[in-house]
file final_32.txt (compact mmCIF, C-alpha atoms and all ligand atoms)
# COMPACT_ATOMS: atom_id res chain seq x y z
CA MET U 759 -99.65 -122.47 32.71
CA THR U 760 -101.06 -120.14 30.11
CA GLN U 761 -99.81 -120.24 26.55
CA SER U 762 -96.70 -118.15 25.77
CA TYR U 763 -95.92 -116.55 22.42
CA ASN U 764 -93.08 -116.03 20.00
CA ALA U 765 -92.57 -113.14 17.60
CA PRO U 766 -94.26 -113.97 14.25
CA LYS U 767 -92.30 -115.85 11.59
CA GLY U 768 -89.92 -113.56 9.72
CA THR U 769 -89.83 -110.93 12.48
CA ALA U 770 -87.34 -110.45 15.29
CA ASP U 771 -87.20 -108.43 18.45
CA LEU U 772 -84.38 -105.94 18.49
CA LEU U 773 -82.77 -106.18 21.92
CA GLY U 774 -79.28 -106.12 23.37
CA ALA U 775 -76.69 -106.02 20.60
CA SER U 776 -79.23 -105.77 17.75
CA ALA U 777 -81.02 -102.83 19.41
CA ARG U 778 -77.67 -101.10 19.99
CA GLY U 779 -76.76 -101.87 16.40
CA TRP U 780 -79.95 -100.28 15.07
CA ASP U 781 -79.33 -97.19 17.23
CA PHE U 782 -75.78 -96.97 15.90
CA LEU U 783 -76.97 -97.20 12.28
CA GLN U 784 -79.48 -94.41 12.84
CA GLN U 785 -77.05 -92.18 14.70
CA THR U 786 -74.38 -92.59 12.03
CA ALA U 787 -76.98 -91.83 9.35
CA ARG U 788 -77.90 -88.63 11.14
CA GLU U 789 -74.24 -87.60 11.25
CA VAL U 790 -73.26 -88.55 7.70
CA PHE U 791 -76.48 -87.58 5.88
CA GLY U 792 -76.71 -84.45 8.00
CA ARG U 793 -73.43 -83.23 6.55
CA TYR U 794 -75.04 -83.40 3.10
CA GLY U 795 -78.04 -81.37 4.25
CA TYR U 796 -80.58 -84.16 4.75
CA GLU U 797 -83.44 -83.80 7.20
CA SER U 798 -85.53 -86.59 8.63
CA ILE U 799 -89.01 -87.57 7.55
CA TYR U 800 -91.39 -90.08 9.12
CA THR U 801 -94.23 -91.40 7.00
CA PRO U 802 -97.02 -93.75 8.11
CA ILE U 803 -96.26 -97.46 8.40
CA PHE U 804 -99.27 -98.13 6.18
CA GLU U 805 -100.51 -96.30 3.11
CA GLN U 806 -103.43 -96.53 0.77
CA THR U 807 -102.60 -99.63 -1.30
CA GLU U 808 -102.52 -97.68 -4.57
CA VAL U 809 -99.48 -95.70 -3.44
CA PHE U 810 -97.51 -98.92 -3.83
CA THR U 811 -99.29 -100.56 -6.77
CA ARG U 812 -98.92 -97.37 -8.82
CA GLY U 813 -95.53 -96.41 -7.45
CA ILE U 814 -93.64 -99.70 -7.34
CA GLY U 815 -95.50 -101.33 -10.24
CA GLU U 816 -98.03 -104.15 -10.54
CA ALA U 817 -95.61 -106.49 -12.30
CA THR U 818 -92.93 -106.43 -9.59
CA ASP U 819 -92.46 -109.28 -7.11
CA VAL U 820 -92.96 -106.82 -4.27
CA VAL U 821 -96.44 -105.78 -5.40
CA GLY U 822 -97.42 -109.09 -6.98
CA LYS U 823 -96.46 -111.44 -4.17
CA GLU U 824 -95.04 -109.77 -1.12
CA MET U 825 -97.35 -107.07 0.20
CA TYR U 826 -99.25 -107.17 3.47
CA THR U 827 -102.52 -105.80 2.15
CA PHE U 828 -105.77 -105.78 4.06
CA GLU U 829 -109.04 -103.99 4.33
CA ASP U 830 -109.43 -101.78 7.37
CA ARG U 831 -112.68 -101.56 9.29
CA GLY U 832 -113.84 -98.77 7.02
CA GLY U 833 -113.49 -100.97 3.95
CA ARG U 834 -110.37 -99.19 2.60
CA SER U 835 -107.54 -101.23 1.15
CA VAL U 836 -104.34 -100.40 3.02
CA THR U 837 -100.86 -101.93 2.82
CA LEU U 838 -97.96 -102.10 5.28
CA ARG U 839 -95.17 -100.25 3.48
CA PRO U 840 -92.84 -102.67 1.65
CA GLU U 841 -90.38 -99.80 1.11
CA ASN U 842 -90.32 -96.11 1.95
CA THR U 843 -89.67 -94.20 -1.28
CA ALA U 844 -93.28 -94.27 -2.49
CA GLY U 845 -94.45 -92.99 0.91
CA VAL U 846 -91.87 -90.19 0.94
CA VAL U 847 -92.89 -89.09 -2.56
CA ARG U 848 -96.58 -89.25 -1.64
CA ALA U 849 -95.82 -87.08 1.40
CA ALA U 850 -93.73 -84.61 -0.63
CA ILE U 851 -96.56 -84.19 -3.15
CA GLN U 852 -99.09 -83.76 -0.37
CA ALA U 853 -96.98 -81.14 1.44
CA ARG U 854 -96.02 -79.44 -1.86
CA LEU U 855 -92.35 -79.70 -0.89
CA THR U 856 -91.06 -79.59 -4.43
CA ASP U 857 -93.51 -77.16 -6.00
CA ASN U 858 -92.05 -74.48 -8.28
CA GLY U 859 -88.85 -76.41 -8.79
CA ALA U 860 -87.90 -76.56 -5.11
CA GLN U 861 -85.57 -79.31 -3.90
CA ALA U 862 -85.77 -81.45 -0.78
CA LYS U 863 -83.27 -83.83 0.81
CA LEU U 864 -84.95 -86.27 3.16
CA TYR U 865 -83.92 -89.40 5.03
CA TYR U 866 -85.90 -92.00 6.93
CA ALA U 867 -85.32 -94.97 9.20
CA GLY U 868 -87.87 -97.58 10.09
CA PRO U 869 -89.44 -100.98 9.55
CA GLN U 870 -90.66 -102.22 6.16
CA PHE U 871 -92.77 -105.29 5.46
CA ARG U 872 -92.56 -107.90 2.73
CA TYR U 873 -94.06 -111.37 2.75
CA GLU U 874 -90.90 -113.19 1.68
CA ARG U 875 -89.44 -116.58 2.58
CA PRO U 876 -87.33 -115.78 5.63
CA GLN U 877 -83.64 -116.65 5.53
CA LYS U 878 -80.38 -115.17 6.72
CA GLY U 879 -80.59 -111.44 5.97
CA ARG U 880 -84.18 -111.70 4.75
CA GLN U 881 -87.07 -110.94 7.05
CA ARG U 882 -90.75 -110.16 6.72
CA GLN U 883 -90.37 -107.14 8.96
CA PHE U 884 -86.97 -105.61 8.27
CA TYR U 885 -85.41 -102.24 9.00
CA GLN U 886 -84.27 -99.80 6.37
CA ILE U 887 -82.55 -96.46 6.37
CA GLY U 888 -82.82 -94.45 3.19
CA ALA U 889 -82.20 -91.06 1.65
CA GLU U 890 -84.12 -89.28 -1.10
CA ALA U 891 -82.97 -86.21 -3.04
CA LEU U 892 -86.12 -84.79 -4.61
CA GLY U 893 -86.16 -82.40 -7.54
CA GLN U 894 -82.65 -83.14 -8.81
CA THR U 895 -81.91 -83.50 -12.50
CA SER U 896 -78.15 -83.19 -12.64
CA PRO U 897 -75.87 -86.22 -12.83
CA LEU U 898 -73.98 -84.58 -9.96
CA ALA U 899 -76.92 -85.57 -7.73
CA ASP U 900 -76.52 -89.21 -8.74
CA ALA U 901 -72.81 -89.08 -7.96
CA GLU U 902 -73.35 -87.32 -4.63
CA MET U 903 -75.92 -89.95 -3.64
CA ILE U 904 -73.57 -92.82 -4.43
CA LEU U 905 -70.67 -91.15 -2.63
CA MET U 906 -72.84 -90.51 0.43
CA LEU U 907 -73.91 -94.16 0.54
CA TRP U 908 -70.28 -95.24 0.34
CA GLU U 909 -69.27 -92.79 3.05
CA TYR U 910 -72.06 -94.11 5.25
CA PHE U 911 -70.89 -97.70 4.96
CA THR U 912 -67.27 -96.80 5.67
CA ALA U 913 -68.32 -94.62 8.62
CA LEU U 914 -70.08 -97.67 10.08
CA GLY U 915 -66.80 -99.56 9.98
CA LEU U 916 -67.15 -101.67 6.84
CA SER U 917 -63.84 -101.84 5.05
CA LYS U 918 -63.65 -100.67 1.45
CA ARG U 919 -62.09 -104.00 0.53
CA SER U 920 -65.11 -105.95 1.69
CA MET U 921 -67.61 -103.98 -0.41
CA ARG U 922 -68.37 -103.89 -4.11
CA LEU U 923 -70.14 -100.96 -5.72
CA LEU U 924 -72.13 -101.83 -8.83
CA VAL U 925 -73.64 -99.21 -11.14
CA ASN U 926 -75.71 -99.33 -14.28
CA SER U 927 -78.16 -97.22 -16.26
CA MET U 928 -81.65 -98.55 -16.86
CA GLY U 929 -82.54 -96.01 -19.54
CA ASP U 930 -85.70 -93.95 -19.54
CA ASP U 931 -89.11 -93.68 -21.22
CA VAL U 932 -87.39 -92.98 -24.52
CA CYS U 933 -85.05 -95.96 -24.74
CA ARG U 934 -86.26 -98.52 -22.24
CA PRO U 935 -89.48 -99.67 -23.95
CA ALA U 936 -87.59 -100.85 -27.03
CA TYR U 937 -84.89 -102.41 -24.88
CA ARG U 938 -87.49 -104.23 -22.79
CA GLU U 939 -89.02 -105.59 -25.96
CA SER U 940 -85.65 -106.83 -27.19
CA VAL U 941 -85.09 -108.65 -23.89
CA ALA U 942 -88.63 -110.09 -24.09
CA SER U 943 -87.90 -111.46 -27.58
CA PHE U 944 -84.60 -112.86 -26.37
CA ILE U 945 -86.39 -114.65 -23.51
CA ARG U 946 -88.99 -116.09 -25.89
CA GLU U 947 -86.24 -117.41 -28.15
CA HIS U 948 -84.51 -119.08 -25.20
CA SER U 949 -87.55 -120.03 -23.13
CA SER U 950 -86.70 -123.74 -23.19
CA GLU U 951 -83.35 -123.03 -21.49
CA LEU U 952 -84.83 -120.81 -18.75
CA CYS U 953 -86.75 -121.62 -15.58
CA GLU U 954 -90.54 -121.34 -15.71
CA ASP U 955 -90.58 -118.02 -13.85
CA CYS U 956 -88.08 -116.41 -16.21
CA ALA U 957 -89.84 -117.75 -19.29
CA ARG U 958 -93.05 -116.18 -18.05
CA ARG U 959 -91.28 -112.88 -17.43
CA ALA U 960 -91.15 -112.21 -21.18
CA ASP U 961 -94.76 -111.11 -20.86
CA THR U 962 -94.78 -109.55 -17.41
CA ASN U 963 -91.44 -108.04 -16.49
CA PRO U 964 -88.63 -109.21 -18.79
CA LEU U 965 -85.81 -107.28 -17.09
CA ARG U 966 -86.37 -109.23 -13.87
CA ALA U 967 -84.95 -112.30 -15.60
CA PHE U 968 -81.51 -110.70 -15.08
CA ASP U 969 -82.06 -111.07 -11.38
CA CYS U 970 -82.73 -114.82 -11.31
CA LYS U 971 -80.25 -116.66 -9.10
CA LYS U 972 -80.49 -120.00 -10.96
CA PRO U 973 -77.16 -120.80 -12.71
CA GLU U 974 -78.85 -121.96 -15.94
CA CYS U 975 -80.81 -118.70 -16.21
CA ARG U 976 -77.74 -116.64 -15.41
CA ALA U 977 -75.77 -118.36 -18.15
CA VAL U 978 -78.51 -117.63 -20.71
CA MET U 979 -79.10 -114.05 -19.58
CA ASP U 980 -75.37 -113.37 -19.88
CA LYS U 981 -75.95 -113.42 -23.63
CA ALA U 982 -79.04 -111.19 -23.58
CA PRO U 983 -79.00 -107.71 -25.16
CA ARG U 984 -77.28 -105.15 -22.95
CA ILE U 985 -78.86 -101.89 -21.93
CA SER U 986 -75.53 -100.14 -22.44
CA ASP U 987 -75.92 -100.77 -26.17
CA ALA U 988 -79.48 -99.47 -26.16
CA LEU U 989 -79.33 -96.17 -24.26
CA CYS U 990 -80.64 -93.06 -25.99
CA ALA U 991 -78.27 -90.11 -26.39
CA ASP U 992 -79.58 -88.27 -23.30
CA CYS U 993 -79.31 -91.31 -21.05
CA GLN U 994 -75.85 -92.05 -22.40
CA GLN U 995 -74.72 -88.51 -21.71
CA HIS U 996 -76.19 -88.57 -18.22
CA ASN U 997 -74.52 -91.88 -17.47
CA ASP U 998 -71.14 -90.71 -18.78
CA ALA U 999 -71.34 -87.64 -16.56
CA VAL U 1000 -72.18 -89.71 -13.46
CA LEU U 1001 -69.25 -92.04 -14.06
CA ARG U 1002 -66.91 -89.13 -14.75
CA THR U 1003 -67.81 -87.55 -11.42
CA LEU U 1004 -67.32 -90.84 -9.60
CA ASP U 1005 -63.92 -91.24 -11.27
CA ALA U 1006 -62.92 -87.74 -10.22
CA ALA U 1007 -63.93 -88.54 -6.64
CA GLY U 1008 -61.64 -91.56 -6.73
CA ILE U 1009 -64.25 -94.17 -5.87
CA LYS U 1010 -63.99 -97.66 -7.33
CA TYR U 1011 -67.06 -99.16 -9.02
CA GLU U 1012 -68.01 -101.90 -11.45
CA ILE U 1013 -70.37 -101.32 -14.33
CA ASP U 1014 -72.86 -104.19 -14.16
CA PRO U 1015 -75.13 -104.26 -17.21
CA LYS U 1016 -77.29 -106.89 -15.51
CA LEU U 1017 -78.06 -104.75 -12.49
CA VAL U 1018 -81.80 -104.10 -12.75
CA ARG U 1019 -83.31 -103.30 -9.42
CA GLY U 1020 -86.61 -104.87 -8.39
CA LEU U 1021 -88.86 -101.83 -8.33
CA ASP U 1022 -90.39 -100.45 -11.52
CA TYR U 1023 -89.86 -96.78 -10.78
CA TYR U 1024 -86.14 -96.69 -11.50
CA THR U 1025 -84.87 -94.73 -14.50
CA ARG U 1026 -81.31 -94.14 -15.61
CA THR U 1027 -78.78 -94.56 -12.79
CA VAL U 1028 -79.12 -97.60 -10.52
CA PHE U 1029 -76.54 -98.81 -8.02
CA GLU U 1030 -76.03 -101.44 -5.37
CA VAL U 1031 -73.44 -102.25 -2.74
CA GLN U 1032 -72.70 -105.91 -2.11
CA VAL U 1033 -70.47 -107.65 0.40
CA ASP U 1034 -68.64 -110.95 0.07
CA HIS U 1035 -68.73 -112.22 3.62
CA GLY U 1036 -71.35 -113.10 6.18
CA LEU U 1037 -74.45 -112.97 4.01
CA GLY U 1038 -74.60 -115.78 1.46
CA SER U 1039 -77.02 -115.04 -1.35
CA GLN U 1040 -78.63 -112.01 0.32
CA ASN U 1041 -75.45 -110.02 -0.20
CA ALA U 1042 -76.88 -106.62 -1.20
CA ILE U 1043 -76.58 -104.35 1.82
CA GLY U 1044 -78.05 -101.35 0.05
CA GLY U 1045 -78.97 -99.89 -3.27
CA GLY U 1046 -81.01 -97.35 -5.09
CA GLY U 1047 -81.35 -95.27 -8.16
CA ARG U 1048 -82.99 -92.44 -10.02
CA TYR U 1049 -86.76 -92.32 -10.30
CA ASP U 1050 -87.65 -89.50 -12.67
CA GLY U 1051 -91.26 -90.61 -13.23
CA LEU U 1052 -92.44 -91.57 -9.76
CA PHE U 1053 -93.93 -88.19 -8.84
CA GLN U 1054 -96.15 -88.32 -11.94
CA ASP U 1055 -97.10 -91.94 -11.27
CA LEU U 1056 -98.41 -90.77 -7.89
CA GLY U 1057 -100.32 -87.80 -9.26
CA GLY U 1058 -97.65 -85.12 -8.80
CA LYS U 1059 -95.74 -82.92 -11.20
CA GLU U 1060 -92.64 -84.09 -12.98
CA THR U 1061 -89.92 -84.11 -10.31
CA PRO U 1062 -86.76 -86.03 -11.18
CA SER U 1063 -85.29 -87.56 -8.04
CA ILE U 1064 -82.84 -90.12 -6.74
CA GLY U 1065 -82.46 -92.17 -3.59
CA PHE U 1066 -81.22 -95.31 -1.88
CA ALA U 1067 -82.19 -97.69 0.90
CA VAL U 1068 -79.96 -99.84 3.06
CA GLY U 1069 -80.98 -102.92 5.03
CA ALA U 1070 -80.13 -102.86 8.73
CA GLU U 1071 -80.14 -106.63 9.34
CA ARG U 1072 -77.71 -107.23 6.51
CA ILE U 1073 -75.38 -104.39 7.52
CA LEU U 1074 -75.23 -105.75 11.06
CA LEU U 1075 -74.39 -109.24 9.73
CA ALA U 1076 -71.72 -107.72 7.49
CA LEU U 1077 -70.23 -105.78 10.42
CA GLU U 1078 -70.20 -108.96 12.49
CA ALA U 1079 -68.40 -110.80 9.68
CA GLU U 1080 -65.73 -108.07 9.83
CA ASP U 1081 -65.46 -108.39 13.61
CA VAL U 1082 -66.82 -104.93 14.31
CA ASP U 1083 -68.04 -105.42 17.86
CA LEU U 1084 -71.30 -103.64 18.62
CA THR U 1085 -72.02 -105.70 21.72
CA LYS U 1086 -69.60 -103.68 23.83
CA ASN U 1087 -71.01 -100.69 25.60
CA ASP U 1088 -68.25 -98.11 26.04
CA ASP U 1089 -70.36 -95.68 28.04
CA LEU U 1090 -69.03 -94.54 31.39
CA ILE U 1091 -71.41 -96.17 33.85
CA VAL U 1092 -71.37 -95.42 37.56
CA TYR U 1093 -73.00 -97.61 40.20
CA VAL U 1094 -73.87 -96.26 43.65
CA ALA U 1095 -74.02 -98.94 46.36
CA ALA U 1096 -75.34 -98.92 49.92
CA ALA U 1097 -73.36 -100.82 52.58
CA GLY U 1098 -76.48 -101.17 54.74
CA ASP U 1099 -80.16 -100.31 54.86
CA GLU U 1100 -79.46 -96.99 56.64
CA GLN U 1101 -77.70 -95.70 53.53
CA ARG U 1102 -80.40 -96.49 50.96
CA ASP U 1103 -81.90 -93.00 50.98
CA ALA U 1104 -78.50 -91.37 50.63
CA VAL U 1105 -77.67 -93.70 47.73
CA PHE U 1106 -80.94 -92.88 45.98
CA ALA U 1107 -80.35 -89.13 46.41
CA LEU U 1108 -76.74 -89.31 45.15
CA ALA U 1109 -77.76 -91.37 42.11
CA MET U 1110 -80.37 -88.75 41.21
CA GLU U 1111 -77.81 -85.96 41.60
CA LEU U 1112 -75.21 -87.67 39.40
CA ARG U 1113 -77.80 -88.22 36.64
CA GLY U 1114 -78.66 -84.57 36.91
CA ARG U 1115 -75.02 -83.84 36.17
CA GLY U 1116 -75.07 -86.01 33.09
CA LEU U 1117 -73.59 -89.29 34.35
CA ILE U 1118 -75.15 -92.67 33.55
CA THR U 1119 -75.86 -93.87 37.06
CA LEU U 1120 -77.34 -97.11 38.37
CA SER U 1121 -78.29 -98.14 41.88
CA ASP U 1122 -80.13 -101.01 43.49
CA LEU U 1123 -83.85 -100.60 44.03
CA GLN U 1124 -84.51 -104.03 45.58
CA ASN U 1125 -82.72 -103.89 48.93
CA ARG U 1126 -79.97 -106.21 47.76
CA SER U 1127 -76.92 -107.04 49.86
CA LEU U 1128 -73.68 -105.16 49.17
CA LYS U 1129 -72.26 -108.32 47.59
CA SER U 1130 -75.09 -108.64 45.09
CA GLN U 1131 -74.97 -104.89 44.39
CA PHE U 1132 -71.35 -105.44 43.30
CA LYS U 1133 -72.44 -108.33 41.11
CA GLN U 1134 -75.03 -106.09 39.49
CA ALA U 1135 -72.47 -103.35 38.93
CA ASP U 1136 -70.18 -105.87 37.26
CA LYS U 1137 -72.94 -107.18 35.03
CA ALA U 1138 -73.89 -103.67 33.97
CA GLY U 1139 -70.27 -102.93 33.05
CA ALA U 1140 -69.93 -100.12 35.61
CA ARG U 1141 -66.48 -98.56 35.57
CA TYR U 1142 -66.79 -97.14 39.10
CA VAL U 1143 -68.76 -98.13 42.17
CA LEU U 1144 -69.43 -95.43 44.77
CA ILE U 1145 -70.00 -97.03 48.16
CA ILE U 1146 -71.81 -95.27 50.97
CA GLY U 1147 -71.46 -96.92 54.41
CA GLU U 1148 -71.71 -95.66 57.96
CA GLU U 1149 -68.20 -94.30 57.97
CA GLU U 1150 -68.61 -92.53 54.65
CA GLN U 1151 -71.80 -90.94 55.90
CA GLN U 1152 -70.07 -89.71 59.02
CA ARG U 1153 -67.19 -88.28 57.03
CA GLY U 1154 -69.57 -86.78 54.45
CA GLY U 1155 -68.31 -88.54 51.33
CA VAL U 1156 -68.10 -91.84 49.47
CA THR U 1157 -65.58 -94.58 48.79
CA ILE U 1158 -64.95 -94.82 45.10
CA ARG U 1159 -63.80 -98.15 43.66
CA ASN U 1160 -62.26 -98.37 40.23
CA MET U 1161 -63.62 -101.67 38.89
CA GLU U 1162 -60.70 -102.18 36.53
CA ASN U 1163 -57.73 -101.87 38.87
CA LYS U 1164 -59.76 -102.40 42.08
CA GLU U 1165 -58.28 -99.27 43.69
CA GLU U 1166 -60.41 -97.61 46.34
CA ARG U 1167 -60.26 -94.19 47.90
CA PHE U 1168 -62.36 -91.77 49.85
CA VAL U 1169 -63.70 -88.68 48.09
CA THR U 1170 -66.07 -85.87 48.94
CA PRO U 1171 -69.26 -85.42 46.92
CA GLY U 1172 -67.97 -82.18 45.43
CA SER U 1173 -64.98 -83.86 43.79
CA ILE U 1174 -66.83 -86.93 42.49
CA ILE U 1175 -67.89 -85.38 39.21
CA LYS U 1176 -64.47 -83.90 38.58
CA MET U 1177 -62.87 -87.26 39.24
CA LEU U 1178 -65.27 -89.25 37.10
CA THR U 1179 -65.17 -87.04 34.09
CA LYS U 1180 -61.39 -86.66 34.14
P1 LIG C 1201 -84.92 -102.59 -1.95
O1 LIG C 1201 -85.91 -101.76 -1.20
O2 LIG C 1201 -85.50 -103.88 -2.44
O3 LIG C 1201 -84.19 -101.82 -3.00
O4 LIG C 1201 -83.83 -103.05 -0.90
C1 LIG C 1201 -82.89 -102.20 -0.32
C2 LIG C 1201 -82.14 -102.93 0.76
O5 LIG C 1201 -83.06 -103.33 1.79
C3 LIG C 1201 -81.52 -104.25 0.29
O6 LIG C 1201 -80.26 -104.03 -0.24
C4 LIG C 1201 -81.45 -105.03 1.59
O7 LIG C 1201 -80.31 -104.67 2.31
C5 LIG C 1201 -82.69 -104.57 2.33
N1 LIG C 1201 -83.81 -105.55 2.22
C6 LIG C 1201 -84.72 -105.65 1.22
N2 LIG C 1201 -85.60 -106.64 1.49
C7 LIG C 1201 -85.25 -107.18 2.67
C8 LIG C 1201 -85.76 -108.23 3.51
N3 LIG C 1201 -86.85 -108.92 3.18
N4 LIG C 1201 -85.13 -108.50 4.68
C9 LIG C 1201 -84.04 -107.79 5.05
N5 LIG C 1201 -83.51 -106.79 4.31
C10 LIG C 1201 -84.09 -106.48 3.15
call {"tool": "encode", "arguments": {"input": "final_32.txt", "output": "structure tokens"}}
result
Amino acid sequence: MTQSYNAPKGTADLLGASARGWDFLQQTAREVFGRYGYESIYTPIFEQTEVFTRGIGEATDVVGKEMYTFEDRGGRSVTLRPENTAGVVRAAIQARLTDNGAQAKLYYAGPQFRYERPQKGRQRQFYQIGAEALGQTSPLADAEMILMLWEYFTALGLSKRSMRLLVNSMGDDVCRPAYRESVASFIREHSSELCEDCARRADTNPLRAFDCKKPECRAVMDKAPRISDALCADCQQHNDAVLRTLDAAGIKYEIDPKLVRGLDYYTRTVFEVQVDHGLGSQNAIGGGGRYDGLFQDLGGKETPSIGFAVGAERILLALEAEDVDLTKNDDLIVYVAAAGDEQRDAVFALAMELRGRGLITLSDLQNRSLKSQFKQADKAGARYVLIIGEEEQQRGGVTIRNMENKEERFVTPGSIIKMLTK
């Protein structure tokens, strides 16, 4: 026997229920985001490495530890995208989508790659769906983005009760540097009470210490300076306006001063949706924020923007925890069966005709007995089996069997479609 292979560690094949789940997430995104005027964009799976080091930031975990970076045969450093916002912005700059103050609303769906320790809801190749509103300065854009994310999750079948919406402001170039410094000093003062990683973060990326899951670090960071006390007047005003619009829309949220998302490009509004069940520590099913400086970081003109990304694996786990069943296929499936070998050609021709009329139609291609054709029909979840035997051929029709109530009757080809689509 030759060696057989498994999918690489941290990756999974999407098949059966998970493939249907991924289709459902994409289809719902098209419907919901489409109503807000979003159009799809597909960027390359890999980019020049600098797109991510400049965009996401050298000091982040994603860039520092998690990227799949390699040299291609031409000696260029390329990286499998760890997220899609930097790629979308690179593409928008390249295509001049937002020149002269133009706006663009784009959404994507596809795999992302991070070299992380795999666990429930955390993969090395994982699937994200995300939306980006480019060229938007108004706080209304932040509110619309958050409301669209919420609408998406509820449209998928997640109950409002099971989700928590967290929002925060991370400040901007004016107020964040001083705030960062105050958090760095705080960490230095408390370094003996923090884990090694967090203590080191004073010099590299102090705000990340808020994200540490270790209880001792969390307890210390609870007492750290809060961004809400450090916002400049413009950021404060922007934040107030976002929250006012959310209030007016009637959506419930929690202000979480410790919410600092893991990518350096965020400015001002950040948000995250978490769930309580089915996910353990990887409980963030989606999140995002404003990134007013990213276009410039990638060589473009100043283009304030905002976006989010949601994680497919985690959403599917959350849906499962709420007993939303994606394994059932509700499609109307028809199976055409031959009673004997003489009817195989007629079965093949009828199956082709029914597909032409828009019906999902299966038939046997392996000369199976009538009994095993019925078994196949059952397994495929066919609602009707159309049987062609000698008698049916002579009378110029088929016997139609309703697989639920087992009723059978003879019908002519002309009335089949009418009957099935009733
Ligand atoms: P981020 O791009 O880090 O802001 O993450 C956005 C969303 O993507 C998260 O809320 C998760 O749902 C999902 N996500 C991020 N990293 C992973 C991963 N390694 N495996 C599965 N899902 C992930």
call {"tool": "closest_residue", "arguments": {"input": "final_32.txt", "among": "U:Leu1090, U:Ala844, U:Ala999, U:Ala982", "to": "ligand LIG 1201 (chain C)", "atoms": "all atoms listed in the file"}}
result
U:Ala844
call {"tool": "residues_around", "arguments": {"input": "final_32.txt", "residues": "region 860-868 of chain U", "least_positions_apart": "3", "cutoff": "8 Å", "atoms": "all atoms listed in the file", "output": "VMD selection string"}}
result
chain U and resid 784 791 795 to 800 842 855 to 857 885 to 894
call {"tool": "residues_near_ligand", "arguments": {"input": "final_32.txt", "ligand": "ligand LIG 1201 (chain C)", "cutoff": "7 Å", "atoms": "only C-alpha atoms and all ligand atoms", "output": "list in words"}}
result
Glu841, Arg872, Glu874, Gly879, Arg880, Gln881, Arg882, Gln883, Phe884, Tyr885, Gln886, Arg1019, Gly1020, Ala1042, Ile1043, Gly1044, Gly1045, Gly1046, Ala1067, Val1068, Gly1069, Ala1070, Glu1071 and Arg1072 of chain U
call {"tool": "atom_distance", "arguments": {"input": "final_32.txt", "atom1": "CA of Ile1091 (chain U)", "atom2": "CA of Gly792 (chain U)"}}
result
28.9 Å
call {"tool": "atom_distance", "arguments": {"input": "final_32.txt", "atom1": "CA of Ile1145 (chain U)", "atom2": "CA of Ile1175 (chain U)"}}
result
14.8 Å
call {"tool": "atom_distance", "arguments": {"input": "final_32.txt", "atom1": "CA of Asp930 (chain U)", "atom2": "CA of Leu1017 (chain U)"}}
result
15.0 Å
call {"tool": "closest_residue", "arguments": {"input": "final_32.txt", "among": "U:Pro802, U:Pro876, U:Gly774, U:Gly859", "to": "Glu824 (chain U)", "atoms": "all atoms listed in the file"}}
result
U:Pro876
call {"tool": "residues_around", "arguments": {"input": "final_32.txt", "residues": "Glu805 (chain U)", "least_positions_apart": "6", "cutoff": "10 Å", "atoms": "only C-alpha atoms", "output": "number ranges by chain"}}
result
U: 827, 835-839, 844-845, 848
call {"tool": "closest_residue", "arguments": {"input": "final_32.txt", "among": "U:Ile1146, U:Cys975, U:Leu772, U:Val1028", "to": "Asp1099 (chain U)", "atoms": "only C-alpha atoms"}}
result
U:Ile1146
call {"tool": "closest_residue", "arguments": {"input": "final_32.txt", "among": "U:Phe810, U:Phe1132, U:Phe871, U:Phe1168", "to": "Ala1096 (chain U)", "atoms": "only C-alpha atoms"}}
result
U:Phe1132
call {"tool": "closest_atom_pairs", "arguments": {"input": "final_32.txt", "of": "region 992-1019 of chain U", "to": "region 916-924 of chain U", "cutoff": "7 Å", "atoms": "all atoms listed in the file", "output": "Markdown table"}}
result
| residue | atom | partner | partner_atom | distance |
| --- | --- | --- | --- | --- |
| U:Tyr1011 | CA | U:Leu923 | CA | 4.9 |
| U:Glu1012 | CA | U:Leu924 | CA | 4.9 |
| U:Ile1013 | CA | U:Leu924 | CA | 5.8 |
| U:Asp1014 | CA | U:Leu924 | CA | 5.9 |
call {"tool": "closest_residue", "arguments": {"input": "final_32.txt", "among": "U:Glu1030, U:Asp1050, U:Asp987, U:Glu909", "to": "Ala787 (chain U)", "atoms": "only C-alpha atoms"}}
result
U:Glu909
call {"tool": "build_atoms", "arguments": {"input": "final_32.txt", "residues": "region 1014-1019 of chain U", "atoms": "N, CA and C atoms", "output": "PDB file, in the coordinates of the input"}}
result
ATOM      1  N   ASP U1014     -72.216-102.879 -14.078  1.00  0.00           N
ATOM      2  CA  ASP U1014     -72.860-104.190 -14.160  1.00  0.00           C
ATOM      3  C   ASP U1014     -74.121-104.070 -15.021  1.00  0.00           C
ATOM      4  N   PRO U1015     -73.999-104.440 -16.300  1.00  0.00           N
ATOM      5  CA  PRO U1015     -75.130-104.260 -17.210  1.00  0.00           C
ATOM      6  C   PRO U1015     -76.348-105.100 -16.819  1.00  0.00           C
ATOM      7  N   LYS U1016     -76.146-106.067 -15.909  1.00  0.00           N
ATOM      8  CA  LYS U1016     -77.290-106.890 -15.510  1.00  0.00           C
ATOM      9  C   LYS U1016     -77.961-106.388 -14.230  1.00  0.00           C
ATOM     10  N   LEU U1017     -77.454-105.287 -13.707  1.00  0.00           N
ATOM     11  CA  LEU U1017     -78.060-104.750 -12.490  1.00  0.00           C
ATOM     12  C   LEU U1017     -79.377-104.047 -12.839  1.00  0.00           C
ATOM     13  N   VAL U1018     -80.482-104.711 -12.532  1.00  0.00           N
ATOM     14  CA  VAL U1018     -81.800-104.100 -12.750  1.00  0.00           C
ATOM     15  C   VAL U1018     -82.512-104.239 -11.435  1.00  0.00           C
ATOM     16  N   ARG U1019     -82.781-103.163 -10.763  1.00  0.00           N
ATOM     17  CA  ARG U1019     -83.310-103.300  -9.420  1.00  0.00           C
ATOM     18  C   ARG U1019     -84.812-103.605  -9.470  1.00  0.00           C
TER      19      ARG U1019
END
